[in-house]
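Q: Sending over query-v6.cif (mmCIF, C-alpha atoms).
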data_start
loop_
_atom_site.label_atom_id
_atom_site.label_comp_id
_atom_site.auth_asym_id
_atom_site.auth_seq_id
_atom_site.Cartn_x
_atom_site.Cartn_y
_atom_site.Cartn_z
CA MET A 1 -11.68 15.26 17.12
CA SER A 2 -8.05 15.44 18.18
CA ASP A 3 -8.14 12.07 19.93
CA ARG A 4 -8.79 10.15 16.69
CA ILE A 5 -6.07 7.84 15.42
CA LYS A 6 -4.49 9.40 12.34
CA ILE A 7 -2.96 7.21 9.64
CA ALA A 8 -1.17 8.38 6.50
CA VAL A 9 -1.58 6.22 3.40
CA LEU A 10 1.07 6.55 0.68
CA LEU A 11 -0.30 5.43 -2.69
CA SER A 12 2.63 5.17 -5.11
CA GLY A 13 2.38 3.80 -8.64
CA GLN A 14 0.29 3.68 -11.78
CA LEU A 15 -3.39 4.59 -11.55
CA ARG A 16 -4.79 1.25 -12.69
CA ASP A 17 -8.59 1.28 -12.45
CA TRP A 18 -8.46 4.25 -10.12
CA LYS A 19 -12.16 4.89 -10.66
CA ILE A 20 -13.08 1.91 -8.44
CA SER A 21 -9.99 1.68 -6.25
CA SER A 22 -10.42 5.29 -5.10
CA LYS A 23 -13.99 4.51 -4.04
CA ILE A 24 -12.75 1.59 -1.97
CA PHE A 25 -10.13 3.77 -0.26
CA LYS A 26 -12.82 6.33 0.55
CA LEU A 27 -14.71 3.66 2.48
CA TRP A 28 -11.89 3.49 5.01
CA ASN A 29 -12.95 6.85 6.45
CA GLU A 30 -16.61 5.81 6.60
CA VAL A 31 -16.49 2.57 8.58
CA ASN A 32 -14.51 3.51 11.69
CA ARG A 33 -14.98 6.90 13.27
CA GLU A 34 -12.06 6.32 15.64
CA ILE A 35 -9.60 6.50 12.75
CA SER A 36 -8.87 9.19 10.19
CA TYR A 37 -6.97 8.24 7.02
CA ASP A 38 -5.09 10.87 5.00
CA PHE A 39 -4.23 9.72 1.48
CA PHE A 40 -1.16 10.85 -0.42
CA LEU A 41 -0.59 9.92 -4.04
CA SER A 42 2.39 10.01 -6.36
CA THR A 43 2.04 8.72 -9.92
CA TRP A 44 3.53 9.08 -13.39
CA ASP A 45 2.09 11.27 -16.13
CA ASP A 46 0.87 8.34 -18.23
CA SER A 47 -2.38 6.60 -19.07
CA TYR A 48 -4.02 3.28 -18.30
CA ARG A 49 -6.87 1.90 -20.41
CA GLY A 50 -7.25 5.28 -22.08
CA VAL A 51 -7.42 7.37 -18.91
CA LYS A 52 -4.58 9.84 -18.37
CA SER A 53 -3.25 10.32 -14.85
CA LYS A 54 -3.58 14.09 -15.08
CA ASP A 55 -7.28 13.73 -15.93
CA SER A 56 -8.08 11.46 -12.98
CA ASP A 57 -10.05 12.70 -9.97
CA LEU A 58 -7.51 12.90 -7.13
CA SER A 59 -9.68 14.99 -4.80
CA MET A 60 -9.80 12.25 -2.13
CA CYS A 61 -6.08 12.79 -1.49
CA VAL A 62 -4.88 15.51 0.86
CA ALA A 63 -1.80 15.88 -1.36
CA SER A 64 -0.94 14.40 -4.75
CA GLN A 65 1.46 14.79 -7.63
CA VAL A 66 1.55 13.61 -11.23
CA ILE A 67 5.18 13.43 -12.24
CA LEU A 68 6.32 13.94 -15.83
CA TYR A 69 7.82 10.68 -17.04
CA GLU A 70 10.14 10.56 -20.04
CA ASP A 71 12.51 7.57 -19.73
CA SER A 72 10.70 4.48 -21.06
CA ASN A 73 13.71 2.26 -20.24
CA THR A 74 13.46 2.73 -16.48
CA THR A 75 12.39 -0.44 -14.68
CA GLU A 76 9.22 -0.64 -12.60
CA VAL A 77 11.08 -1.06 -9.31
CA ILE A 78 13.05 2.14 -9.91
CA ARG A 79 9.88 3.99 -10.84
CA TYR A 80 8.09 2.75 -7.73
CA SER A 81 10.98 3.57 -5.41
CA TYR A 82 11.19 7.08 -6.86
CA LEU A 83 7.43 7.62 -6.47
CA LEU A 84 7.61 6.32 -2.90
CA LYS A 85 10.40 8.77 -2.09
CA ARG A 86 8.48 11.71 -3.53
CA ASN A 87 5.27 10.60 -1.83
CA ASN A 88 6.93 10.33 1.56
CA ILE A 89 8.24 13.86 1.13
CA LEU A 90 4.65 15.00 0.49
CA LYS A 91 3.55 13.31 3.71
CA ASN A 92 6.36 14.75 5.82
CA ARG A 93 5.73 18.23 4.45
CA TYR A 94 1.98 18.00 5.06
CA GLU A 95 2.55 16.65 8.55
CA LYS A 96 4.80 19.59 9.40
CA GLU A 97 2.63 22.26 7.80
CA HIS A 98 -0.53 21.05 9.56
CA GLY A 99 1.00 20.17 12.92
CA ILE A 100 0.03 16.50 12.54
CA LYS A 101 1.70 13.51 14.13
CA TYR A 102 0.59 10.35 12.35
CA ASN A 103 0.15 7.26 14.50
CA ALA A 104 1.11 5.03 11.58
CA VAL A 105 1.95 5.14 7.88
CA ILE A 106 0.84 2.63 5.25
CA ALA A 107 2.89 2.47 2.05
CA THR A 108 0.98 0.70 -0.70
CA ARG A 109 -0.11 1.01 -4.33
CA PRO A 110 -3.16 2.69 -5.91
CA ASP A 111 -4.54 -0.54 -7.47
CA ILE A 112 -4.97 -2.57 -4.30
CA PHE A 113 -7.81 -4.03 -2.25
CA ILE A 114 -6.82 -4.25 1.43
CA GLY A 115 -9.28 -6.20 3.54
CA PRO A 116 -10.85 -5.03 6.80
CA SER A 117 -8.94 -7.47 9.03
CA ILE A 118 -5.65 -5.78 8.05
CA LEU A 119 -7.00 -2.34 8.96
CA GLN A 120 -8.25 -3.66 12.27
CA LYS A 121 -4.85 -5.21 12.99
CA ILE A 122 -3.14 -1.89 12.28
CA GLU A 123 -5.50 -0.21 14.74
CA SER A 124 -4.75 -2.89 17.34
CA ASN A 125 -0.98 -2.54 16.86
CA ILE A 126 -1.25 1.23 17.32
CA LYS A 127 -3.32 0.94 20.48
CA ASN A 128 -1.00 -1.72 21.91
CA LYS A 129 2.09 0.36 21.01
CA TYR A 130 3.62 -2.35 18.80
CA LEU A 131 4.85 0.09 16.14
CA GLY A 132 8.50 0.57 17.02
CA HIS A 133 10.57 3.26 15.36
CA ARG A 134 12.46 0.63 13.36
CA THR A 135 9.74 -1.94 12.71
CA LEU A 136 7.74 -2.55 9.55
CA PHE A 137 4.80 -4.91 9.16
CA ILE A 138 4.91 -6.57 5.73
CA ASN A 139 2.35 -8.68 3.89
CA ASN A 140 3.50 -12.25 4.70
CA GLY A 141 6.85 -10.91 5.91
CA ILE A 142 10.29 -11.37 4.36
CA THR A 143 11.59 -14.76 3.26
CA GLU A 144 15.13 -15.86 2.48
CA LYS A 145 15.77 -18.20 -0.45
CA LEU A 146 18.81 -19.78 -2.06
CA VAL A 147 18.97 -18.54 -5.65
CA LYS A 148 21.08 -20.45 -8.17
CA SER A 149 22.67 -18.46 -10.96
CA LYS A 150 25.40 -19.23 -13.48
CA GLU A 151 26.47 -15.59 -13.52
CA GLU A 152 26.48 -14.94 -9.77
CA GLY A 153 26.71 -18.43 -8.32
CA ASP A 154 24.47 -19.64 -5.50
CA LYS A 155 23.38 -16.78 -3.24
CA HIS A 156 20.87 -16.27 -0.47
CA LYS A 157 18.42 -13.50 -1.33
CA PHE A 158 15.52 -11.88 0.48
CA PHE A 159 12.02 -11.64 -0.99
CA MET A 160 8.75 -9.91 -0.07
CA ASN A 161 5.35 -9.10 -1.58
CA ASP A 162 4.86 -5.61 -2.99
CA PHE A 163 1.32 -5.16 -1.67
CA TYR A 164 1.94 -3.01 1.41
CA VAL A 165 4.09 -2.23 4.42
CA TYR A 166 3.07 -0.23 7.46
CA GLY A 167 4.65 1.06 10.61
CA HIS A 168 5.90 4.12 12.46
CA SER A 169 6.70 7.20 10.38
CA MET A 170 10.40 6.83 11.16
CA ALA A 171 10.46 3.26 9.81
CA VAL A 172 8.67 4.31 6.61
CA ASN A 173 11.08 7.25 6.27
CA ILE A 174 13.93 4.72 6.10
CA PHE A 175 12.01 2.47 3.72
CA SER A 176 11.36 5.42 1.38
CA LYS A 177 15.11 5.90 0.87
CA MET A 178 15.20 2.77 -1.28
CA TYR A 179 15.55 4.86 -4.44
CA ASP A 180 18.65 6.61 -3.10
CA ASP A 181 20.29 3.28 -2.28
CA MET A 182 19.51 1.95 -5.76
CA ILE A 183 20.97 4.99 -7.50
CA ALA A 184 24.06 4.77 -5.27
CA GLY A 185 24.54 1.13 -6.31
CA ARG A 186 23.86 -0.30 -2.86
CA LEU A 187 20.83 -2.28 -4.08
CA GLU A 188 20.30 -4.54 -7.05
CA ASN A 189 17.41 -3.77 -9.35
CA ARG A 190 15.31 -6.89 -8.96
CA GLY A 191 11.58 -6.69 -8.26
CA HIS A 192 10.57 -8.28 -4.97
CA VAL A 193 14.22 -8.65 -3.92
CA THR A 194 14.99 -4.93 -3.84
CA PRO A 195 12.60 -3.75 -1.07
CA ALA A 196 13.27 -6.83 1.06
CA THR A 197 17.05 -6.40 0.81
CA HIS A 198 16.74 -2.69 1.55
CA ILE A 199 14.84 -3.42 4.74
CA VAL A 200 17.36 -6.05 5.86
CA ASN A 201 20.38 -3.90 4.96
CA ASN A 202 19.01 -1.01 7.02
CA ARG A 203 18.34 -3.27 10.00
CA ILE A 204 14.63 -2.56 10.05
CA ASN A 205 12.79 -5.16 12.09
CA ASN A 206 10.20 -6.88 9.91
CA ARG A 207 7.02 -8.51 11.12
CA SER A 208 4.65 -10.63 9.06
CA SER A 209 1.16 -9.26 8.48
CA ASP A 210 -1.63 -11.36 6.99
CA GLY A 211 -5.21 -10.82 5.91
CA PHE A 212 -7.04 -10.47 2.61
CA VAL A 213 -5.19 -8.30 0.10
CA ARG A 214 -5.17 -8.41 -3.69
CA PRO A 215 -4.25 -6.11 -6.57
CA ILE A 216 -7.28 -4.98 -8.53
CA ARG A 217 -7.34 -6.50 -12.00
CA TYR A 218 -9.28 -4.94 -14.84
CA THR A 219 -11.23 -8.18 -15.42
CA ASN A 220 -12.78 -7.85 -11.95
CA VAL A 221 -13.62 -4.17 -11.98
CA LYS A 222 -17.29 -4.77 -12.83
CA LEU A 223 -17.67 -7.13 -9.87
CA LEU A 224 -16.13 -4.62 -7.47
CA GLU A 225 -18.21 -1.77 -8.87
CA ASP A 226 -21.40 -3.82 -8.40
CA MET A 227 -20.38 -4.70 -4.84
CA HIS A 228 -19.66 -1.04 -4.11
CA ASN A 229 -22.92 0.20 -5.59
CA SER A 230 -24.94 -2.39 -3.66
CA GLY A 231 -23.26 -1.48 -0.38
CA ALA A 232 -21.64 -4.92 -0.07
CA LEU A 233 -18.11 -3.52 0.06
CA LYS A 234 -18.97 -1.08 2.83
CA ASP A 235 -20.69 -3.86 4.74
CA MET A 236 -17.64 -6.05 4.26
CA TYR A 237 -15.48 -3.61 6.20
CA THR A 238 -17.79 -4.03 9.19
CA THR A 239 -18.37 -7.79 8.99
CA LEU A 240 -16.27 -8.57 12.04
CA ILE A 241 -18.89 -6.94 14.27
CA GLN A 242 -21.81 -8.64 12.52
CA PRO A 243 -23.42 -12.09 13.00
CA GLU A 244 -21.64 -14.98 11.29
CA GLU A 245 -24.39 -15.47 8.68
CA PHE A 246 -24.05 -11.80 7.69
CA LYS A 247 -20.35 -12.28 7.05
CA VAL A 248 -20.99 -15.27 4.81
CA LYS A 249 -23.55 -13.33 2.80
CA TYR A 250 -21.09 -10.63 1.79
CA LEU A 251 -17.93 -12.68 1.54
CA VAL A 252 -19.29 -14.79 -1.33
CA GLY A 253 -18.67 -12.12 -3.94
CA LEU A 254 -15.17 -11.41 -2.75
CA GLU A 255 -14.26 -15.10 -2.65
CA GLN A 256 -15.34 -15.32 -6.29
CA TYR A 257 -13.11 -12.33 -7.01
CA VAL A 258 -10.16 -14.14 -5.43
CA ARG A 259 -10.78 -17.30 -7.45
CA GLU A 260 -10.87 -15.33 -10.68
CA ILE A 261 -7.47 -13.68 -10.22
CA GLU A 262 -5.51 -16.57 -8.70
#
Translate the structure described by the file into structure tokens.

A:
Amino acid sequence: MSDRIKIAVLLSGQLRDWKISSKIFKLWNEVNREISYDFFLSTWDDSYRGVKSKDSDLSMCVASQVILYEDSNTTEVIRYSYLLKRNNILKNRYEKEHGIKYNAVIATRPDIFIGPSILQKIESNIKNKYLGHRTLFINNGITEKLVKSKEEGDKHKFFMNDFYVYGHSMAVNIFSKMYDDMIAGRLENRGHVTPATHIVNNRINNRSSDGFVRPIRYTNVKLLEDMHNSGALKDMYTTLIQPEEFKVKYLVGLEQYVREIE
């Protein structure tokens, strides 16, 4: 169906509890037949809780890569920015080779639970043509804070969550160059500051995006697996078109999940 909305999803980072998170991502293509999600993954050749990346089932992704990692001193933000760069290259190459033009691109991490309201908002923004070439939607947007430091003095810095950004392919192409700016010394290496500063420095318009989103923690994997096996997770992605009492029934488990990790 050529008229379906096509969205690329860039999953960049460590495969924490991939066994359940991959099942959740698969649901995205089952609950809305108007949208087709193509998943791309870039991760390091390491292990998490005894499972090696190279031994994980990556078949749900249209393209993936497990990158040999040798430098244990590299910070997480540099690793992520490098994986994002490589992942975006995978997407651009796949798009060209298959004659695809994605309506939107989501850049996120493999260990994340993104709620249905966020996906529905992305669909709405696509249909209403709100995805400008230089606009990114960011979880809770970018904030500016005054940071006091003896070494640097008082400075205003930009901050953002690292859960997800989404927007037009051109905007994500700019965002994915964060690694190059870090290596060139144009960005400081500082967690949530780095991506926010990169976006501001490159004059990318940023818009706040809200909705339920949480990283998956290993202490809650059993809960999510039970909800998946019972069909509750799939139902949750369609709650907005169900009666109110149906929503309450299936949101109880997820609310408990939120309380446990906050």

Q: Given the file above and the PyMOL selection byres ((chain A and resi 83) around 8), which residues are selected, and can you give them as a list of chain:residue names?

A: A:Ser12, A:Gly13, A:Ser42, A:Thr43, A:Arg79, A:Tyr80, A:Ser81, A:Tyr82, A:Leu84, A:Lys85, A:Arg86, A:Asn87

Q: Would you mind reading off the distance between atom CA of Asn189 of chain A and atom CA of Arg207 of chain A, one decimal, in Å?

A: 23.4 Å

Q: Between A:Asn125, A:Asn229, A:Ser176, A:Ser36, which residue has the minimum interatomic distance to Leu10 of chain A, considering only C-alpha atoms?

A: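 Counting only C-alpha atoms, the residue closest to Leu10 of chain A is A:Ser176.
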
Q: Determine the residue membership of the PyMOL selection byres ((chain A and resi 137) around 10) for the file above and supply it as a list in words.

A: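 Answer for the PyMOL selection byres ((chain A and resi 137) around 10): Ile106, Ile122, Asn125, Leu131, Thr135, Leu136, Ile138, Asn139, Asn140, Gly141, Ile142, Tyr164, Val165, Tyr166, Gly167, His168, Ala171, Asn205, Asn206, Arg207, Ser208, Ser209 and Asp210 of chain A.
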
Q: Considering only C-alpha atoms, can you say which of A:Lys26, A:Asp45, A:Val105, A:Thr74 comes closest to Ala8 of chain A?

A: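 Checking each candidate against Ala8 of chain A, we get A:Val105 as the closest.
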
Q: Find the distance between atom CA of Leu68 of chain A and atom CA of Arg16 of chain A and write it in Å to one decimal.

A: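 Going from atom CA of Leu68 of chain A over to atom CA of Arg16 of chain A, I get 17.2 Å.
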